[in-house]
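Some notes on the structure that comes next.
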Protein chains: 2
Amino acid sequence: LDYQHVQVPFEITLWIMLASLAKIGFHLYNKLPSVVPESCLLIFVGLIMGGIIYGLNDRSPPVMDSDIFFLYLLPPIVLDAGYFMPSRPFFENIGTILLYAVVGTIWNVFGIGFSLYGICQVKAFQLQDVSLLHNLLFGSLIAAVDPVAVLAVFEEIHVNEKLHILVFGESLLNDAVTVVLYKLFRSFCEMPTIKSVDVFAGVGKFFVVGLGGVLVGLSFGFTAAFTTRFTKDIRVIEPLFVFLYSYLSYLTAEMFHLSGIMAIISCAMGMKRYVEANISLKSHTTVKYFMKMWSSVSDTLIFIFLGVSTIGENHEWNWPYICFTVIFCLIWRALGVLVLTFFVNRFHVNTITSKDQFIIAYGGLRGAICFSLVFLLPDFHRKKLFIAATTVVILFTVFIQGMTIRPLVDLLAVKRKRESAPTVGEQIHIRFLDHLLAGIEDISGHWGQYYWKDKLEYFNSKYLQKILLREYDQPKSSIVLLYEKLERKHAIELAQAGQLGHGPAHPSFLCSAFLCSSSDRTVITDQKLEDAPNPDVLDNMQEILARNLYRIRRTGPAYNRHTLPGDSEPTEQAKEILILRHKSL
Amino acid sequence: LDYQHVQVPFEITLWIMLASLAKIGFHLYNKLPSVVPESCLLIFVGLIMGGIIYGLNDRSPPVMDSDIFFLYLLPPIVLDAGYFMPSRPFFENIGTILLYAVVGTIWNVFGIGFSLYGICQVKAFQLQDVSLLHNLLFGSLIAAVDPVAVLAVFEEIHVNEKLHILVFGESLLNDAVTVVLYKLFRSFCEMPTIKSVDVFAGVGKFFVVGLGGVLVGLSFGFTAAFTTRFTKDIRVIEPLFVFLYSYLSYLTAEMFHLSGIMAIISCAMGMKRYVEANISLKSHTTVKYFMKMWSSVSDTLIFIFLGVSTIGENHEWNWPYICFTVIFCLIWRALGVLVLTFFVNRFHVNTITSKDQFIIAYGGLRGAICFSLVFLLPDFHRKKLFIAATTVVILFTVFIQGMTIRPLVDLLAVKRKRESAPTVGEQIHIRFLDHLLAGIEDISGHWGQYYWKDKLEYFNSKYLQKILLREYDQPKSSIVLLYEKLERKHAIELAQAGQLGHGPAHPSFLCSAFLCSSSDRTVITDQKLEDAPNPDVLDNMQEILARNLYRIRRTGPAYNRHTLPGDSEPTEQAKEILILRHKSL
């Protein structure tokens, strides 16, 4: 037995296997996932696993490594989120999302930090050694709403599209703010004195980190699109480029201390339309499928690890500090949402209702990002207290808020996502209004979103498409493409319903496939099918025949000299053959 | 800049990117791959890369780590080979393949080992310090035909199926023999005295290592098939299980010092038919696509690394030893094939022609497996000589043999793979003969391959399918499935040829899709389409409309008060709008 040799890949594979099997297990009982969110169940599995490891080894189970989280588990989830981001609602609400993500997060950080510092001044709580800077540092990591946790809960409750994108968009875009504030306060903690220049440099960093991430992402995204122009002869490695370039954008951004999340999101959103046009249909299916698969496994692993890491002796318990952390997190977020929405609603016709505001505030779940950040803290004597408080906040938000948000959404009758996709009629009207508004904006000289959208679309078709698309020279009209797509779908449906068989074309085809000697080609050409039955069809038939024709012999044992057809069961037959064989030997 | 932090994933991603880009590069020039095999080009790229690294750093570039090769690069290739193994020719020729793989490899090992020992006795060559055991150890690693190299070359030359499977099957199955002999001689080298018991234990190990690998593989394969019974509700992680279980089988076998290659091949072959029946069509596409993608990237990386690792100061040059190694490799392989084929042909009706024998002998390419094994050797004073000899043999076989095998196949007019798949008529006749032969075998009491095939098929449908397949209870008749498949293909073809439009069903469908308000449902039900246009269709239309309808505005600027439709170019229009805007401001 040589376990050392294969340990690393073996354990990784086993963890992924555990995650996948846990997922299967939950879905076997249909009722469970409808009551408890999957994330809670996974944390629970993790807790049990952690308990077992703790019980067996008698020491704390290994905590989730922050590097593993940030380098390997987070990128697939964010890539998936960016690639499948509904771009229309996202860009329509980008202003509001940015306001929540930037101003809201800063508000929360300072709110939580200062009020916890206030708590620390109460002598009875024995917390006077926690400085203001440490409290602000803690605030900066605990204020970050977690995209993984938000996605896990909101994907199951199906609130309306706008509400979903507001919460989810905020959780994604606050990464830049969190990273900057966290690093700022951490470096302040290590500095002897803080100059005002440092504070201003910190403010400037917001823009560098956020916009830098977006730029890195877009440049990798366009390079990816450009690369897929040349993959026509080796379709099989097309999906790889989508993953490689996205991941490189993330790593590059992280390398330069920019926001990796912003980079990978803008990379995915930037490349999507061009890559999809360049790669084959099968490659596209593979890309989509693998992205979903990876993000779902990463997500599962993160929650299991969260559970495992909770068990152990890393915690210092201080009731007041932990309780007030939870309370302040709730209060400051609620206040922030209220105040910010007040301003947002003044400038928008389509306002955010008070029910929506409640769900936005309540949906601010914390997750693995806080957890990884708290473990990344430099060692100081109260680190274990921070770890305990973070763990409690995460468990509180994921379990209590995550489990009650669905009943609350029902109770408040929050507007749900519409069940069906908008009809084509609606689609056409929406588009028509877009054009109308773009025209009105143009004429009135108001440079609003429709104006910019139009400009971008123009730039795209004038320059980007020519560079990034392979078959830009002879583009098919969109209406022809749509028609072809519908025809294909329709044909498949008809075939499945068995209605195609009544037409004249069908029997000749089946017959031609079965009797495809060269003399039969006339039949085919008569039916105006240009090619002979193609090799694929034959290949499939071959496979099916190979698998099934063999059974014929067992059901009709015609070669047996001693029984009449039909009167011998397989077992009898086997016995008989054995007797025969003995004789012949 | 924080490069340390992201170094590992960043460099891995960059290597994979380099490999993918190199692949794209070769395919851009269509003529190159038809003359030079891709493997040679990749080694060449590797040599250049190695030269650059050597030139810049002034020290040897890093050699390919044997662990990386055996744990990460080899499994995808072998998995792909096992999963797409044509099972009929493989099992038809299993006896011959095993003879080549076991007896042939032992023959080569001892032949090369003893004759090199003879060379070492010549005083002029200054090789008298290389013992017999060291020569046998070297023989055991240099005798291994490499599946990766064989696959890379034989995939391009399209020889007939039997010849292909003989060479490729041998290269896969000789793994067990190579591993055993290599480990045996290595342990003998470290022992003070060798007892005859050890030799017998070594012979016994063949069976343990080979059959053990097969058993481990099959058990993981059946577990994988069983697991996919329960994935109906989470289709998205189905492909994962195929990869996880195969990889686990490989790692487990390696852990117990069994043959990992045999394990992963039997895992893949064992699970294939059940997994394919259980998982969805899209999952299946993803599995196939990703397997091909991974194996193709691994393959590329291996050859590039081979090139990179060649450069450097690891070599000790000794003309006679190196030249005689190449010569003995060629001679002993040729002799082995001749002798073994002589025996094989005596017991078979369908003999192996002398042309085929020549290609089998000539196609015994060495590759990365030898290379990794030679670096795994324990340090002794002549290790660098062995490394040099191995490198030369690999380069000789890949470059000289790999590049000349295609012209030789043309020159000898070796029977090629048939261009088209066998017709259904042929298929039916082949199957019919199978049944006939199985019957004859049964009656005559001869327990041949047809008898065993029949038994296996019976066991499969009686027990395995019931346990491993999800929908075994109501299996559709194979002929119905075939019919549905053909119908679907036919329908798509008709739709693509635009012939479906002449039927009566189509206009109503398109119309119903476009005007799908509830009042129009009558039209749909009239046409006996059971559902309303399904959400997928609408989703697609929505996407296409979203992308394209916007253009309408630019092509027909109807909102502009000052121009007649059609007489304004986009640029003019933009100028005009700018003037208007200036006025309004």
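Ligands are numbered from 1 in the order shown, residues from 1 within each chain, and chains are lettered A, B, ... in the order they appear in the structure tokens.
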*Residues within 10 Å of region 454-471 of chain A, only C-alpha atoms, excluding chain neighbours under 6 positions, as a count of residues only*: 30
_Contacts of region 342-355 of chain A at 7 Å (only C-alpha atoms; same-chain gap of 3+ positions) as JSON, numbers by chain_ = {"A": [96, 338, 339, 358, 359, 412, 414]}
*Test item: residues at most 12 Å from Leu340 (chain B), only C-alpha atoms, excluding those fewer than 2 positions along its chain, as a PyMOL selection string*: chain B and resi 95-105+107-108+332-338+342-347+352+357+360-361
Just-selected residues, C-alpha atoms written as an mmCIF file, in the first residue's frame:
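Wrote again29.cif, looks like this:
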data_model
loop_
_atom_site.group_PDB
_atom_site.id
_atom_site.type_symbol
_atom_site.label_atom_id
_atom_site.label_comp_id
_atom_site.auth_asym_id
_atom_site.auth_seq_id
_atom_site.Cartn_x
_atom_site.Cartn_y
_atom_site.Cartn_z
ATOM 1 C CA GLY B 95 -5.620 -13.625 -27.390
ATOM 2 C CA THR B 96 -3.161 -12.278 -29.932
ATOM 3 C CA ILE B 97 -2.931 -8.931 -28.128
ATOM 4 C CA LEU B 98 -2.173 -10.612 -24.814
ATOM 5 C CA LEU B 99 0.443 -12.805 -26.451
ATOM 6 C CA TYR B 100 2.197 -9.768 -27.890
ATOM 7 C CA ALA B 101 1.783 -7.783 -24.674
ATOM 8 C CA VAL B 102 2.940 -10.448 -22.218
ATOM 9 C CA VAL B 103 5.223 -12.879 -24.034
ATOM 10 C CA GLY B 104 6.417 -10.268 -26.533
ATOM 11 C CA THR B 105 7.345 -7.764 -23.848
ATOM 12 C CA TRP B 107 11.006 -11.488 -24.889
ATOM 13 C CA ASN B 108 12.033 -7.895 -25.611
ATOM 14 C CA TRP B 332 14.366 -7.933 -30.893
ATOM 15 C CA ARG B 333 10.980 -6.425 -31.607
ATOM 16 C CA ALA B 334 11.110 -7.617 -35.216
ATOM 17 C CA LEU B 335 12.169 -11.103 -34.161
ATOM 18 C CA GLY B 336 9.536 -11.239 -31.426
ATOM 19 C CA VAL B 337 6.760 -10.264 -33.791
ATOM 20 C CA LEU B 338 7.921 -12.794 -36.370
ATOM 21 C CA PHE B 342 4.136 -17.638 -36.597
ATOM 22 C CA PHE B 343 2.404 -19.338 -33.679
ATOM 23 C CA VAL B 344 -0.650 -17.082 -33.847
ATOM 24 C CA ASN B 345 -1.128 -17.773 -37.547
ATOM 25 C CA ARG B 346 -1.066 -21.528 -36.991
ATOM 26 C CA PHE B 347 -4.189 -21.305 -34.837
ATOM 27 C CA ILE B 352 -1.685 -11.755 -39.978
ATOM 28 C CA GLN B 357 3.782 -7.995 -39.247
ATOM 29 C CA ILE B 360 3.410 -4.134 -36.062
ATOM 30 C CA ALA B 361 7.165 -4.406 -35.570
#
*Quick one: residues within 6 Å of region 417-427 of chain B, only C-alpha atoms counted, chain neighbours fewer than 2 positions away excluded, as a PyMOL selection string?*
(chain A and resi 514) or (chain B and resi 158-161+429-430)
*Residue contacts of region 208-217 of chain B (6 Å, only C-alpha atoms) excluding same-chain residues fewer than 5 positions away, as a VMD selection string*: chain B and resid 176 249 253 258 to 259 262 to 264 266 to 267
*asked:* With DSSP run on the backbone, what are the alpha helix (DSSP H) residues within region 76-313 of chain A? I'd like them as JSON, numbers by chain.
replied: {"A": [76, 77, 78, 79, 80, 81, 82, 83, 87, 88, 89, 90, 91, 92, 94, 95, 96, 97, 98, 105, 106, 107, 108, 109, 110, 111, 112, 113, 114, 115, 116, 117, 118, 119, 120, 132, 133, 134, 135, 136, 137, 138, 139, 140, 141, 142, 147, 148, 149, 150, 151, 152, 153, 154, 155, 156, 157, 161, 162, 163, 164, 165, 166, 167, 168, 169, 170, 171, 172, 173, 174, 175, 176, 177, 178, 179, 180, 181, 182, 183, 184, 185, 186, 187, 188, 189, 190, 196, 197, 198, 199, 200, 201, 202, 203, 204, 205, 206, 207, 208, 209, 210, 211, 212, 213, 214, 215, 216, 217, 218, 219, 220, 221, 222, 223, 224, 225, 226, 227, 238, 239, 240, 241, 242, 243, 244, 245, 246, 247, 248, 249, 250, 251, 252, 253, 254, 255, 260, 261, 262, 263, 264, 265, 266, 267, 268, 269, 270, 271, 272, 273, 274, 275, 276, 277, 278, 281, 282, 283, 284, 285, 286, 287, 288, 289, 290, 291, 292, 293, 294, 295, 296, 297, 298, 299, 300, 301, 302, 303, 304, 305, 306, 307, 308, 309, 310]}
